[in-house]
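target-v9.tsv (TSV, C-alpha atoms)
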chain	number	residue	atom	x	y	z
H	711	MET	CA	-11.24	-29.20	58.79
H	712	THR	CA	-14.25	-30.30	60.83
H	713	GLN	CA	-16.22	-27.88	62.96
H	714	PHE	CA	-14.85	-29.51	66.12
H	715	GLN	CA	-11.26	-29.20	64.89
H	716	LEU	CA	-11.86	-25.51	64.17
H	717	VAL	CA	-13.32	-25.01	67.66
H	718	THR	CA	-10.34	-26.73	69.28
H	719	LEU	CA	-7.91	-24.62	67.24
H	720	ILE	CA	-9.69	-21.41	68.27
H	721	ALA	CA	-9.84	-22.59	71.88
H	722	HIS	CA	-6.12	-23.44	71.82
H	723	ASP	CA	-5.19	-20.02	70.42
H	724	PHE	CA	-7.56	-17.98	72.56
H	725	LEU	CA	-7.01	-19.78	75.85
H	726	GLY	CA	-3.28	-20.01	75.22
H	727	VAL	CA	-3.08	-16.24	74.84
H	728	ALA	CA	-5.27	-15.85	77.94
H	729	ALA	CA	-2.84	-18.09	79.87
H	730	VAL	CA	0.05	-15.88	78.73
H	731	ILE	CA	-1.83	-12.76	79.85
H	732	PHE	CA	-2.44	-14.29	83.29
H	733	SER	CA	1.21	-15.39	83.51
H	734	TYR	CA	2.36	-11.88	82.62
H	735	ALA	CA	-0.03	-10.45	85.23
H	736	VAL	CA	1.53	-12.77	87.85
H	737	TRP	CA	5.01	-11.52	86.94
H	738	MET	CA	3.93	-7.87	87.12
H	739	GLN	CA	2.18	-8.42	90.48
H	740	LEU	CA	5.28	-10.10	91.96
H	741	VAL	CA	7.50	-7.22	90.90
H	742	LYS	CA	5.57	-4.96	93.30
H	743	GLN	CA	7.01	-4.38	96.76
H	744	GLU	CA	3.80	-5.70	98.37
H	745	PRO	CA	2.09	-8.11	95.99
H	746	ASN	CA	-1.57	-8.93	96.53
H	747	PHE	CA	-1.26	-12.61	97.38
H	748	HIS	CA	-5.00	-13.15	97.46
H	749	SER	CA	-5.36	-12.13	93.83
H	750	LEU	CA	-2.08	-13.92	92.98
H	751	ARG	CA	-3.61	-17.20	94.15
H	752	MET	CA	-6.42	-16.84	91.62
H	753	THR	CA	-4.19	-15.50	88.84
H	754	THR	CA	-1.65	-18.33	89.14
H	755	LEU	CA	-4.49	-20.89	89.33
H	756	TRP	CA	-6.08	-19.51	86.15
H	757	ALA	CA	-2.71	-19.42	84.38
H	758	TRP	CA	-2.35	-23.13	85.13
H	759	ILE	CA	-5.94	-24.10	84.21
H	760	LEU	CA	-5.83	-22.17	80.93
H	761	THR	CA	-2.44	-23.68	80.06
H	762	MET	CA	-3.85	-27.16	80.65
H	763	ILE	CA	-6.89	-26.53	78.44
H	764	SER	CA	-4.67	-25.01	75.73
H	765	TRP	CA	-2.49	-28.14	75.94
H	766	VAL	CA	-5.40	-30.51	75.45
H	767	THR	CA	-7.13	-28.52	72.68
H	768	GLY	CA	-3.84	-27.84	70.87
H	769	GLY	CA	-2.90	-31.48	71.17
H	770	TYR	CA	-6.19	-32.60	69.66
H	771	TYR	CA	-5.83	-30.20	66.72
H	772	TYR	CA	-2.16	-31.20	66.22
H	773	LEU	CA	-2.92	-34.94	66.27
H	774	THR	CA	-6.05	-34.91	64.11
H	775	TYR	CA	-5.40	-32.14	61.57
H	776	TYR	CA	-2.05	-30.32	61.68
H	777	GLY	CA	0.14	-33.39	61.11
H	778	LYS	CA	-1.81	-34.66	58.08
H	779	THR	CA	-2.77	-31.37	56.43
H	780	ILE	CA	-0.79	-28.33	57.56
H	781	ARG	CA	2.62	-29.88	58.15
H	782	PRO	CA	3.09	-31.11	54.53
H	783	LEU	CA	1.80	-27.75	53.27
H	784	ILE	CA	4.43	-25.81	55.22
H	785	LEU	CA	7.24	-28.23	54.37
H	786	ALA	CA	6.43	-27.96	50.66
H	787	GLY	CA	6.05	-24.17	50.78
H	788	LYS	CA	8.40	-21.19	50.86
H	789	HIS	CA	9.04	-21.37	54.63
H	790	PRO	CA	9.68	-24.99	55.66
H	791	TRP	CA	11.64	-23.70	58.69
H	792	ALA	CA	8.28	-22.71	60.20
H	793	HIS	CA	7.60	-26.38	60.84
H	794	SER	CA	11.14	-27.77	61.01
H	795	VAL	CA	12.28	-25.24	63.60
H	796	MET	CA	9.28	-23.43	65.08
H	797	THR	CA	6.72	-26.23	65.42
H	798	GLU	CA	9.39	-28.68	66.53
H	799	ALA	CA	10.59	-26.25	69.20
H	800	LYS	CA	7.16	-24.97	70.26
H	801	GLU	CA	5.51	-28.38	70.63
H	802	HIS	CA	8.24	-29.47	73.03
H	803	PHE	CA	9.01	-26.51	75.21
H	804	PHE	CA	5.27	-25.92	75.55
H	805	LEU	CA	5.35	-29.16	77.59
H	806	PHE	CA	7.28	-27.32	80.32
H	807	LEU	CA	4.45	-24.84	80.94
H	808	PRO	CA	1.78	-27.00	82.63
H	809	PHE	CA	4.30	-28.11	85.26
H	810	LEU	CA	5.91	-24.68	85.73
H	811	THR	CA	2.55	-22.92	86.12
H	812	PHE	CA	1.40	-25.58	88.60
H	813	VAL	CA	4.59	-25.19	90.68
H	814	LEU	CA	4.17	-21.40	90.69
H	815	TYR	CA	0.58	-21.79	91.88
H	816	LEU	CA	1.71	-24.08	94.73
H	817	ILE	CA	4.49	-21.67	95.75
H	818	ILE	CA	2.06	-18.73	95.95
H	819	ARG	CA	-0.42	-20.87	97.88
H	820	THR	CA	2.02	-22.28	100.46
H	821	SER	CA	4.93	-19.86	100.67
H	822	HIS	CA	3.58	-16.31	100.45
H	823	SER	CA	4.53	-15.56	104.09
H	824	ALA	CA	8.08	-16.80	103.50
H	825	MET	CA	8.24	-14.62	100.38
H	826	MET	CA	7.35	-11.50	102.34
H	827	LYS	CA	10.04	-12.25	104.95
H	828	ASP	CA	12.77	-13.36	102.50
H	829	VAL	CA	13.35	-10.80	99.73
H	830	ARG	CA	15.73	-13.11	97.87
H	831	LEU	CA	13.07	-15.82	97.77
H	832	LYS	CA	10.52	-13.34	96.43
H	833	LYS	CA	12.96	-12.23	93.71
H	834	THR	CA	13.66	-15.84	92.70
H	835	VAL	CA	9.94	-16.59	92.45
H	836	THR	CA	9.59	-13.43	90.35
H	837	VAL	CA	12.27	-14.74	87.99
H	838	LEU	CA	10.34	-18.02	87.63
H	839	ALA	CA	7.18	-16.03	86.83
H	840	ALA	CA	9.13	-14.03	84.23
H	841	VAL	CA	10.52	-17.20	82.63
H	842	ILE	CA	6.99	-18.65	82.40
H	843	ALA	CA	5.58	-15.48	80.84
H	844	LEU	CA	8.45	-15.18	78.34
H	845	LEU	CA	8.16	-18.85	77.35
H	846	GLY	CA	4.44	-18.33	76.83
H	847	ILE	CA	5.09	-15.27	74.66
H	848	ALA	CA	7.65	-17.24	72.62
H	849	VAL	CA	5.17	-20.10	72.12
H	850	THR	CA	2.55	-17.59	70.95
H	851	LEU	CA	4.88	-15.83	68.52
H	852	PHE	CA	6.07	-19.16	67.10
H	853	GLY	CA	2.41	-20.08	66.60
H	854	VAL	CA	1.80	-16.86	64.67
H	855	ALA	CA	4.79	-17.57	62.40
H	856	ILE	CA	3.60	-21.14	61.80
H	857	SER	CA	0.09	-19.93	60.87
H	858	GLY	CA	1.58	-17.38	58.49
H	859	ALA	CA	3.61	-20.07	56.74
H	860	ALA	CA	0.59	-22.31	56.19
H	861	HIS	CA	-0.57	-20.89	52.88
H	862	LYS	CA	-1.04	-22.61	49.54
S	875	MET	CA	-1.87	-29.13	98.69
S	876	ASN	CA	-1.21	-26.60	101.45
S	877	ASN	CA	1.84	-28.57	102.50
S	878	PRO	CA	5.24	-26.95	101.80
S	879	LYS	CA	6.66	-30.46	101.34
S	880	THR	CA	4.32	-30.98	98.38
S	881	THR	CA	5.44	-27.67	96.90
S	882	LEU	CA	9.11	-28.57	97.11
S	883	ALA	CA	8.41	-32.08	95.82
S	884	ALA	CA	6.50	-30.65	92.84
S	885	LEU	CA	9.32	-28.16	92.23
S	886	TRP	CA	11.99	-30.86	92.03
S	887	SER	CA	9.68	-33.09	89.97
S	888	ALA	CA	9.12	-30.24	87.52
S	889	THR	CA	12.89	-29.81	87.18
S	890	ILE	CA	13.38	-33.47	86.31
S	891	THR	CA	10.33	-33.44	84.01
S	892	VAL	CA	11.74	-30.48	82.07
S	893	LEU	CA	15.08	-32.25	81.63
S	894	PHE	CA	13.29	-35.51	80.79
S	895	VAL	CA	11.24	-33.88	78.02
S	896	THR	CA	14.38	-32.23	76.62
S	897	ALA	CA	16.40	-35.45	76.69
S	898	LEU	CA	13.57	-37.55	75.25
S	899	THR	CA	13.06	-35.08	72.39
S	900	ILE	CA	16.74	-35.01	71.41
S	901	THR	CA	17.13	-38.78	71.83
S	902	GLY	CA	14.01	-39.40	69.76
S	903	ASP	CA	15.38	-37.25	66.99
S	904	LYS	CA	18.81	-38.87	66.98
S	905	HIS	CA	17.61	-42.46	67.43
S	906	ALA	CA	14.73	-43.59	65.25
S	907	SER	CA	14.06	-46.58	67.52
S	908	VAL	CA	13.05	-44.26	70.40
S	909	LYS	CA	10.66	-42.26	68.24
S	910	SER	CA	9.34	-45.50	66.77
S	911	TRP	CA	8.71	-46.89	70.28
S	912	LEU	CA	6.83	-43.73	71.26
S	913	THR	CA	4.69	-43.89	68.10
S	914	THR	CA	3.94	-47.62	68.52
S	915	THR	CA	3.12	-47.34	72.22
S	916	PHE	CA	1.22	-44.06	72.25
S	917	ARG	CA	0.01	-43.66	68.63
S	918	GLN	CA	2.08	-40.48	68.14
S	919	HIS	CA	5.47	-39.40	69.54
S	920	TRP	CA	4.35	-36.01	70.92
S	921	LEU	CA	1.35	-37.62	72.62
S	922	GLY	CA	3.76	-40.15	74.15
S	923	LYS	CA	6.02	-37.38	75.44
S	924	SER	CA	3.03	-35.56	76.96
S	925	ILE	CA	1.77	-38.67	78.74
S	926	LEU	CA	5.23	-39.69	79.95
S	927	ALA	CA	5.88	-36.15	81.23
S	928	VAL	CA	2.69	-36.31	83.34
S	929	VAL	CA	3.57	-39.79	84.65
S	930	VAL	CA	7.12	-38.74	85.54
S	931	PHE	CA	5.91	-35.57	87.26
S	932	VAL	CA	3.16	-37.23	89.32
S	933	MET	CA	5.26	-40.22	90.39
S	934	LEU	CA	8.26	-38.11	91.36
S	935	THR	CA	6.08	-35.66	93.29
S	936	LEU	CA	4.70	-38.57	95.34
S	937	VAL	CA	8.18	-39.98	95.96
S	938	PHE	CA	9.77	-36.64	96.83
S	939	SER	CA	6.86	-35.71	99.14
S	940	ALA	CA	7.79	-38.73	101.24
S	941	VAL	CA	11.54	-38.07	101.40
S	942	ILE	CA	11.92	-34.29	101.52
S	943	LYS	CA	12.91	-33.04	104.97
S	944	ARG	CA	13.85	-29.36	104.60
S	945	THR	CA	11.12	-26.93	103.60
S	946	ASP	CA	12.66	-23.60	104.67
S	947	SER	CA	12.94	-20.65	102.30
S	948	LYS	CA	16.61	-21.42	101.52
S	949	ALA	CA	15.66	-24.93	100.31
S	950	LEU	CA	12.85	-23.41	98.23
S	951	ARG	CA	15.15	-20.76	96.76
S	952	SER	CA	17.85	-23.35	95.85
S	953	GLY	CA	15.24	-25.57	94.22
S	954	LEU	CA	13.85	-22.63	92.25
S	955	ILE	CA	17.29	-21.66	90.95
S	956	VAL	CA	17.83	-25.21	89.70
S	957	LEU	CA	14.34	-25.27	88.10
S	958	ILE	CA	14.87	-21.91	86.37
S	959	THR	CA	18.30	-22.99	85.10
S	960	ALA	CA	16.96	-26.31	83.82
S	961	THR	CA	14.05	-24.55	82.08
S	962	VAL	CA	16.21	-21.98	80.32
S	963	PHE	CA	18.73	-24.66	79.34
S	964	GLY	CA	15.96	-26.95	78.06
S	965	ALA	CA	14.27	-24.19	76.06
S	966	LEU	CA	17.56	-23.16	74.45
S	967	VAL	CA	18.33	-26.76	73.52
S	968	LEU	CA	14.82	-27.32	72.12
S	969	VAL	CA	15.12	-24.23	69.92
S	970	GLY	CA	18.80	-24.60	69.07
S	971	PHE	CA	18.72	-28.27	68.14
S	972	PRO	CA	16.07	-28.11	65.32
S	973	LEU	CA	17.65	-24.85	64.14
S	974	TRP	CA	21.03	-26.54	63.91
S	975	GLU	CA	19.49	-29.56	62.13
S	976	PHE	CA	17.68	-27.29	59.65
S	977	TRP	CA	20.92	-25.44	58.95
S	978	GLN	CA	22.73	-28.70	58.23
S	979	LYS	CA	20.32	-29.60	55.41
Represent the structure of the file as structure tokens.
Amino acid sequence: MTQFQLVTLIAHDFLGVAAVIFSYAVWMQLVKQEPNFHSLRMTTLWAWILTMISWVTGGYYYLTYYGKTIRPLILAGKHPWAHSVMTEAKEHFFLFLPFLTFVLYLIIRTSHSAMMKDVRLKKTVTVLAAVIALLGIAVTLFGVAISGAAHK
Amino acid sequence: MNNPKTTLAALWSATITVLFVTALTITGDKHASVKSWLTTTFRQHWLGKSILAVVVFVMLTLVFSAVIKRTDSKALRSGLIVLITATVFGALVLVGFPLWEFWQK
């Protein structure tokens, strides 16, 4: 693995987890009766930005190293399901997150007044935030399992 | 970006993008020609899906921004319910399908 590949892997992991933390924080803020929409604007924006960077860095690592080196290792090892199921699932439903986080950011930015007037709208937005956070947690846990399976 | 029309347009575009990614993934797995086209055109199938997802999302957001009329909270809530449903459905399919394939082997 080159130094740059290692840096992109670390960036993908670290910033991906940071994105999940921000997404979870958004969910927890929305659950409150009176969310702080000023801080929600920044939190949703950071969740989106960090997801985007995690996408790019993870993609680079996946395209330049994982496919050639780690994938055959896992498939030949004791836990081939880690790639066949977890990587295959993770690499695809991760693609939902950049768009979902962006939409959530836009909703907070343009519709916070409507959310305070319409409780049902606020609850629906909260469900979206929860789905994003839970998807992010699933992606992270799948990543942990995949890393664990990549041993000679 | 402060326009509620843009928000709704992005919301509906995200819904279609989620379903597009799901459908493209399953189709690519069942039909080698689709995966082969993605690999030939974009160097790697996942890279192709990423690029196509962005293209679909951006283009649909532009189109929907021009045609969307209603931007009230009921329209937003309905759109959100569809997006959430599509996301959960897509995630279940994308986990269930490789699991089912692995089990078949």
Tell me, counting only C-alpha atoms, for each residue of chain H within 9 Å of chain S, which pair of atoms is nearest and how far apart they are in Å to one decimal, in rows ordered by chain and increasing number, as JSON lines.
{"residue": "H:Gly769", "atom": "CA", "partner": "S:Leu921", "partner_atom": "CA", "distance": 7.6}
{"residue": "H:Leu773", "atom": "CA", "partner": "S:Gln918", "partner_atom": "CA", "distance": 7.7}
{"residue": "H:Trp791", "atom": "CA", "partner": "S:Phe976", "partner_atom": "CA", "distance": 7.1}
{"residue": "H:Ser794", "atom": "CA", "partner": "S:Pro972", "partner_atom": "CA", "distance": 6.6}
{"residue": "H:Val795", "atom": "CA", "partner": "S:Pro972", "partner_atom": "CA", "distance": 5.1}
{"residue": "H:Met796", "atom": "CA", "partner": "S:Val969", "partner_atom": "CA", "distance": 7.6}
{"residue": "H:Glu798", "atom": "CA", "partner": "S:Pro972", "partner_atom": "CA", "distance": 6.8}
{"residue": "H:Ala799", "atom": "CA", "partner": "S:Val969", "partner_atom": "CA", "distance": 5.0}
{"residue": "H:Lys800", "atom": "CA", "partner": "S:Val969", "partner_atom": "CA", "distance": 8.0}
{"residue": "H:Glu801", "atom": "CA", "partner": "S:Trp920", "partner_atom": "CA", "distance": 7.7}
{"residue": "H:His802", "atom": "CA", "partner": "S:Leu968", "partner_atom": "CA", "distance": 7.0}
{"residue": "H:Phe803", "atom": "CA", "partner": "S:Ala965", "partner_atom": "CA", "distance": 5.8}
{"residue": "H:Leu805", "atom": "CA", "partner": "S:Ser924", "partner_atom": "CA", "distance": 6.8}
{"residue": "H:Phe806", "atom": "CA", "partner": "S:Val892", "partner_atom": "CA", "distance": 5.7}
{"residue": "H:Phe809", "atom": "CA", "partner": "S:Ala888", "partner_atom": "CA", "distance": 5.7}
{"residue": "H:Leu810", "atom": "CA", "partner": "S:Ala888", "partner_atom": "CA", "distance": 6.7}
{"residue": "H:Phe812", "atom": "CA", "partner": "S:Ala884", "partner_atom": "CA", "distance": 8.3}
{"residue": "H:Val813", "atom": "CA", "partner": "S:Leu885", "partner_atom": "CA", "distance": 5.8}
{"residue": "H:Leu814", "atom": "CA", "partner": "S:Leu885", "partner_atom": "CA", "distance": 8.6}
{"residue": "H:Leu816", "atom": "CA", "partner": "S:Thr881", "partner_atom": "CA", "distance": 5.6}
{"residue": "H:Ile817", "atom": "CA", "partner": "S:Thr881", "partner_atom": "CA", "distance": 6.2}
{"residue": "H:Arg819", "atom": "CA", "partner": "S:Asn876", "partner_atom": "CA", "distance": 6.8}
{"residue": "H:Thr820", "atom": "CA", "partner": "S:Asn876", "partner_atom": "CA", "distance": 5.5}
{"residue": "H:Ser821", "atom": "CA", "partner": "S:Pro878", "partner_atom": "CA", "distance": 7.2}
{"residue": "H:Ala824", "atom": "CA", "partner": "S:Ser947", "partner_atom": "CA", "distance": 6.3}
{"residue": "H:Met825", "atom": "CA", "partner": "S:Ser947", "partner_atom": "CA", "distance": 7.9}
{"residue": "H:Asp828", "atom": "CA", "partner": "S:Ser947", "partner_atom": "CA", "distance": 7.3}
{"residue": "H:Arg830", "atom": "CA", "partner": "S:Arg951", "partner_atom": "CA", "distance": 7.8}
{"residue": "H:Leu831", "atom": "CA", "partner": "S:Arg951", "partner_atom": "CA", "distance": 5.5}
{"residue": "H:Lys832", "atom": "CA", "partner": "S:Arg951", "partner_atom": "CA", "distance": 8.8}
{"residue": "H:Thr834", "atom": "CA", "partner": "S:Arg951", "partner_atom": "CA", "distance": 6.6}
{"residue": "H:Val835", "atom": "CA", "partner": "S:Leu954", "partner_atom": "CA", "distance": 7.2}
{"residue": "H:Val837", "atom": "CA", "partner": "S:Ile958", "partner_atom": "CA", "distance": 7.8}
{"residue": "H:Leu838", "atom": "CA", "partner": "S:Ile958", "partner_atom": "CA", "distance": 6.1}
{"residue": "H:Val841", "atom": "CA", "partner": "S:Ile958", "partner_atom": "CA", "distance": 7.4}
{"residue": "H:Leu845", "atom": "CA", "partner": "S:Ala965", "partner_atom": "CA", "distance": 8.2}
query = Out of H:Met826, H:Leu807, H:Ile818, H:Leu760, which residue has the shortest atom-to-atom distance to Val736 of chain H when counting all atoms listed in the file?
reply = H:Ile818
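The coordinates place atom CA of Ile731 of chain H at 10.7 Å from atom CA of Leu844 of chain H.
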inquiry  = What does the structure give for the distance between atom CA of Ala757 of chain H and atom CA of Tyr776 of chain H, in Å to one decimal?
reply    =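 Rounded to one decimal, the two atoms are 25.2 Å apart.
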ask   = Rounded to one decimal in Å, what is the spacing between atom CA of Ala860 of chain H and atom CA of Ala843 of chain H?
value =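 For atom CA of Ala860 of chain H relative to atom CA of Ala843 of chain H, the distance reads 26.1 Å.
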